[in-house]
Amino acid sequence: MAPTAAQSALPQTLIEVSIADQVLRVSSAGICHLYPVSTALNGAGEQENSGCTPRGWHRVRAAIGAGLPLNTVFVGRRPTGEIYSPELALQQPQRDWILTRILWLQGLEVGVNRMGNVDSMRRYIYIHGTPDSEPMGQPLSHGCIRMRNSDITELFELVSAGTPVWIQPHSFSRIPCRNL
């Protein structure tokens, strides 16, 4: 059966994030994948320096870290040469660890999450790996969307630069994940 016009208009791959559920789902090649995440401790919001996770339509601006080992440490989107370990964490207890892979997000809605003091890209909002000791399913980040290292590696293989991202404050309960 041929796809309908509405189905043809949908992107082949779509990342969705529910702040309420603390879940990221990606639909790719007709299969839906669900991952626990951690969004911002300060809740949803777009303002610069708010420490909030921005809502609305975004796209993956850059996919960073292909081929690097799990637990690679990044600063300024560049690998430092370090591999995260509990010992390294003890040496630097205040560090906000960005590990393994980075999907750098660019807002697509001018005045909502793009340009001015609400620009997600200029706020350096990422989907990224975090130490596996950090809890998922709880809002604890500084604005980014944190994932387990194995999960971000899997997600990284499913998406590419340009993939659309929808971040919503609401639950996925009304629109369940379906495999086509």
# chains A, B, ... in the order shown; residues from 1 in each chain; ligands from 1

$ residues_around --residues "A:Ile19" --least-positions-apart "4" --cutoff "7 Å" --atoms "only C-alpha atoms" --output "PyMOL selection string"
chain A and resi 39+168-170

$ write_last_selection --atoms "C-alpha atoms" --output "short mmCIF file (atom, residue, chain, number, x, y, z; two decimals), in the first residue's frame"
data_model
loop_
_atom_site.label_atom_id
_atom_site.label_comp_id
_atom_site.auth_asym_id
_atom_site.auth_seq_id
_atom_site.Cartn_x
_atom_site.Cartn_y
_atom_site.Cartn_z
CA THR A 39 16.23 17.38 31.16
CA GLN A 168 7.43 19.32 24.44
CA PRO A 169 6.51 19.87 28.07
CA HIS A 170 3.62 17.37 27.83
#

$ residues_around --residues "A:Glu82" --least-positions-apart "5" --cutoff "9 Å" --atoms "only C-alpha atoms" --output "ChimeraX atom specification"
/A:71-74,88

$ write_last_selection --atoms "N, CA, C and O atoms" --output "mmCIF file, in the first residue's frame"
data_model
loop_
_atom_site.group_PDB
_atom_site.id
_atom_site.type_symbol
_atom_site.label_atom_id
_atom_site.label_comp_id
_atom_site.auth_asym_id
_atom_site.auth_seq_id
_atom_site.Cartn_x
_atom_site.Cartn_y
_atom_site.Cartn_z
ATOM 1 N N ASN A 71 32.433 7.270 26.907
ATOM 2 C CA ASN A 71 32.955 8.080 28.017
ATOM 3 C C ASN A 71 34.025 9.080 27.602
ATOM 4 O O ASN A 71 34.711 9.644 28.462
ATOM 5 N N THR A 72 34.184 9.338 26.285
ATOM 6 C CA THR A 72 35.059 10.419 25.848
ATOM 7 C C THR A 72 34.545 11.720 26.449
ATOM 8 O O THR A 72 33.351 11.997 26.406
ATOM 9 N N VAL A 73 35.424 12.525 27.014
ATOM 10 C CA VAL A 73 35.060 13.790 27.637
ATOM 11 C C VAL A 73 35.184 14.917 26.608
ATOM 12 O O VAL A 73 36.196 15.006 25.900
ATOM 13 N N PHE A 74 34.149 15.765 26.555
ATOM 14 C CA PHE A 74 34.146 16.920 25.663
ATOM 15 C C PHE A 74 34.119 18.209 26.476
ATOM 16 O O PHE A 74 33.434 18.294 27.497
ATOM 17 N N LEU A 88 38.383 10.351 37.901
ATOM 18 C CA LEU A 88 38.408 11.673 37.285
ATOM 19 C C LEU A 88 37.304 12.551 37.872
ATOM 20 O O LEU A 88 37.510 13.734 38.144
#

$ select_by_dssp --residues "stretch 85-116 of chain A" --states "helix (DSSP H, G or I)" --output "number ranges by chain"
A: 86-91, 116

$ closest_residue --among "A:Thr80, A:Gln106, A:Ser141, A:Gln91" --to "A:Ala44" --atoms "only C-alpha atoms"
A:Ser141

$ closest_residue --among "A:His33, A:Arg95, A:Arg25, A:Arg55" --to "A:Arg114" --atoms "only C-alpha atoms"
A:Arg55

$ atom_distance --atom1 "atom CA of A:Ile83" --atom2 "atom CA of A:Ile127"
18.7 Å

$ atom_distance --atom1 "atom CA of A:Asn42" --atom2 "atom CA of A:Ala20"
12.8 Å

$ residues_around --residues "A:Asp21" --least-positions-apart "2" --cutoff "12 Å" --atoms "only C-alpha atoms" --output "MDAnalysis selection string"
chainID A and resid 16:19 23:25 34:39 136:139 167:174 176

$ residues_around --residues "A:Val159" --least-positions-apart "2" --cutoff "10 Å" --atoms "only C-alpha atoms" --output "list in words"
Gln12, Thr13, Leu14, Ile15, Val26, Ser27, Ser28, Val60, Ala63, Leu103, Glu154, Leu155, Phe156, Glu157, Ala161, Gly162, Thr163 and Pro164 of chain A

$ write_last_selection --atoms "C-alpha atoms" --output "PDB file, in the first residue's frame"
ATOM      1  CA  GLN A  12      11.972   9.769   7.772  1.00  0.00           C
ATOM      2  CA  THR A  13      13.560  10.220  11.201  1.00  0.00           C
ATOM      3  CA  LEU A  14      12.169  12.330  14.046  1.00  0.00           C
ATOM      4  CA  ILE A  15      13.416  12.861  17.600  1.00  0.00           C
ATOM      5  CA  VAL A  26      13.110   8.500  17.923  1.00  0.00           C
ATOM      6  CA  SER A  27      11.162   7.146  15.011  1.00  0.00           C
ATOM      7  CA  SER A  28      13.453   5.848  12.310  1.00  0.00           C
ATOM      8  CA  VAL A  60      20.306  18.579  14.906  1.00  0.00           C
ATOM      9  CA  ALA A  63      26.534  15.441  15.294  1.00  0.00           C
ATOM     10  CA  LEU A 103      23.859  16.292  19.094  1.00  0.00           C
ATOM     11  CA  GLU A 154      22.684   4.124  19.594  1.00  0.00           C
ATOM     12  CA  LEU A 155      20.735   7.338  18.931  1.00  0.00           C
ATOM     13  CA  PHE A 156      23.764   8.851  17.177  1.00  0.00           C
ATOM     14  CA  GLU A 157      23.714   5.982  14.666  1.00  0.00           C
ATOM     15  CA  ALA A 161      22.669  16.608  11.074  1.00  0.00           C
ATOM     16  CA  GLY A 162      19.349  18.040   9.942  1.00  0.00           C
ATOM     17  CA  THR A 163      17.163  15.558  11.846  1.00  0.00           C
ATOM     18  CA  PRO A 164      14.114  17.391  13.256  1.00  0.00           C
TER      19      PRO A 164
END

$ select_by_dssp --residues "chain A" --states "strand (DSSP E or B)" --output "PyMOL selection string"
chain A and resi 13-18+23-28+31-36+38+40+44+53+56-64+72-75+78-83+98-107+110+114+126-129+141+145-147+164-168

$ atom_distance --atom1 "atom CA of A:Gly76" --atom2 "atom CA of A:Tyr124"
9.1 Å

$ residues_around --residues "A:Val112" --least-positions-apart "5" --cutoff "12 Å" --atoms "only C-alpha atoms" --output "VMD selection string"
chain A and resid 45 to 48 54 to 58 106 to 107 117 to 120

$ write_last_selection --atoms "all heavy atoms" --output "short mmCIF file (atom, residue, chain, number, x, y, z; two decimals), in the first residue's frame"
data_model
loop_
_atom_site.label_atom_id
_atom_site.label_comp_id
_atom_site.auth_asym_id
_atom_site.auth_seq_id
_atom_site.Cartn_x
_atom_site.Cartn_y
_atom_site.Cartn_z
N GLY A 45 12.02 26.10 29.42
CA GLY A 45 12.13 27.54 29.16
C GLY A 45 13.22 27.82 28.15
O GLY A 45 14.12 27.00 27.94
N GLU A 46 13.14 28.96 27.55
CA GLU A 46 14.02 29.28 26.44
C GLU A 46 15.02 30.40 26.73
O GLU A 46 15.95 30.60 25.96
CB GLU A 46 13.18 29.69 25.22
CG GLU A 46 12.33 28.57 24.65
CD GLU A 46 11.17 28.12 25.54
OE1 GLU A 46 10.48 28.98 26.12
OE2 GLU A 46 10.98 26.90 25.67
N GLN A 47 14.85 31.14 27.79
CA GLN A 47 15.67 32.32 28.05
C GLN A 47 17.14 31.96 28.28
O GLN A 47 17.45 30.99 28.97
CB GLN A 47 15.15 33.09 29.27
CG GLN A 47 13.82 33.76 29.05
CD GLN A 47 13.90 34.85 28.01
OE1 GLN A 47 14.78 35.70 28.03
NE2 GLN A 47 12.96 34.84 27.07
N GLU A 48 18.00 32.76 27.72
CA GLU A 48 19.44 32.64 27.93
C GLU A 48 19.74 32.68 29.43
O GLU A 48 19.10 33.41 30.18
CB GLU A 48 20.12 33.81 27.22
CG GLU A 48 21.59 33.65 27.01
CD GLU A 48 22.15 34.75 26.11
OE1 GLU A 48 21.37 35.39 25.37
OE2 GLU A 48 23.35 34.96 26.17
N PRO A 54 14.85 24.10 26.40
CA PRO A 54 13.98 24.83 25.47
C PRO A 54 12.95 23.92 24.81
O PRO A 54 13.21 22.75 24.55
CB PRO A 54 14.96 25.38 24.43
CG PRO A 54 16.08 24.40 24.43
CD PRO A 54 16.20 23.92 25.86
N ARG A 55 11.78 24.48 24.57
CA ARG A 55 10.69 23.75 23.93
C ARG A 55 10.63 24.08 22.44
O ARG A 55 11.26 25.02 21.97
CB ARG A 55 9.36 24.13 24.59
CG ARG A 55 9.30 23.73 26.05
CD ARG A 55 8.20 24.45 26.76
NE ARG A 55 8.62 25.86 26.91
CZ ARG A 55 8.06 26.72 27.72
NH1 ARG A 55 7.03 26.37 28.44
NH2 ARG A 55 8.50 27.96 27.80
N GLY A 56 9.81 23.31 21.73
CA GLY A 56 9.51 23.61 20.34
C GLY A 56 10.35 22.84 19.35
O GLY A 56 11.04 21.87 19.68
N TRP A 57 10.27 23.30 18.10
CA TRP A 57 10.96 22.64 16.99
C TRP A 57 12.43 23.06 16.92
O TRP A 57 12.76 24.24 16.98
CB TRP A 57 10.30 22.97 15.65
CG TRP A 57 9.05 22.19 15.45
CD1 TRP A 57 7.77 22.64 15.54
CD2 TRP A 57 8.96 20.79 15.16
NE1 TRP A 57 6.88 21.61 15.31
CE2 TRP A 57 7.59 20.46 15.07
CE3 TRP A 57 9.90 19.78 14.95
CZ2 TRP A 57 7.14 19.18 14.79
CZ3 TRP A 57 9.45 18.49 14.67
CH2 TRP A 57 8.09 18.21 14.59
N HIS A 58 13.26 22.06 16.80
CA HIS A 58 14.70 22.20 16.64
C HIS A 58 15.14 21.27 15.51
O HIS A 58 14.34 20.50 15.00
CB HIS A 58 15.44 21.80 17.92
CG HIS A 58 15.22 22.69 19.08
ND1 HIS A 58 14.06 22.65 19.84
CD2 HIS A 58 15.99 23.64 19.62
CE1 HIS A 58 14.15 23.56 20.81
NE2 HIS A 58 15.31 24.17 20.70
N GLN A 106 19.68 23.26 17.14
CA GLN A 106 19.42 24.61 16.64
C GLN A 106 17.91 24.81 16.65
O GLN A 106 17.17 24.00 16.07
CB GLN A 106 19.95 24.75 15.22
CG GLN A 106 19.64 26.10 14.60
CD GLN A 106 20.12 26.17 13.15
OE1 GLN A 106 20.09 25.20 12.42
NE2 GLN A 106 20.56 27.35 12.75
N GLY A 107 17.45 25.87 17.30
CA GLY A 107 16.03 26.20 17.29
C GLY A 107 15.58 26.60 15.89
O GLY A 107 16.35 27.17 15.13
N ASN A 117 17.64 36.46 22.74
CA ASN A 117 18.04 35.85 24.02
C ASN A 117 17.33 34.51 24.28
O ASN A 117 17.25 34.06 25.41
CB ASN A 117 17.80 36.81 25.18
CG ASN A 117 16.34 37.19 25.33
OD1 ASN A 117 15.50 36.81 24.51
ND2 ASN A 117 16.04 37.93 26.37
N VAL A 118 16.81 33.89 23.20
CA VAL A 118 16.17 32.58 23.32
C VAL A 118 16.79 31.57 22.35
O VAL A 118 16.19 30.55 22.04
CB VAL A 118 14.64 32.67 23.08
CG1 VAL A 118 13.96 33.46 24.17
CG2 VAL A 118 14.32 33.23 21.70
N ASP A 119 17.99 31.80 21.88
CA ASP A 119 18.61 30.99 20.83
C ASP A 119 19.22 29.71 21.41
O ASP A 119 20.24 29.75 22.09
CB ASP A 119 19.68 31.81 20.11
CG ASP A 119 20.09 31.18 18.82
OD1 ASP A 119 20.82 30.17 18.85
OD2 ASP A 119 19.65 31.68 17.75
N SER A 120 18.61 28.57 21.11
CA SER A 120 19.07 27.28 21.65
C SER A 120 20.50 26.96 21.23
O SER A 120 21.28 26.43 22.03
CB SER A 120 18.16 26.14 21.19
OG SER A 120 16.87 26.29 21.73
#

$ closest_residue --among "A:Gly67, A:Ala62, A:Arg101, A:Glu134" --to "A:Ala89" --atoms "only C-alpha atoms"
A:Glu134

$ closest_residue --among "A:Ser85, A:Asn149, A:Gln94, A:Asn49" --to "A:Thr130" --atoms "only C-alpha atoms"
A:Asn149
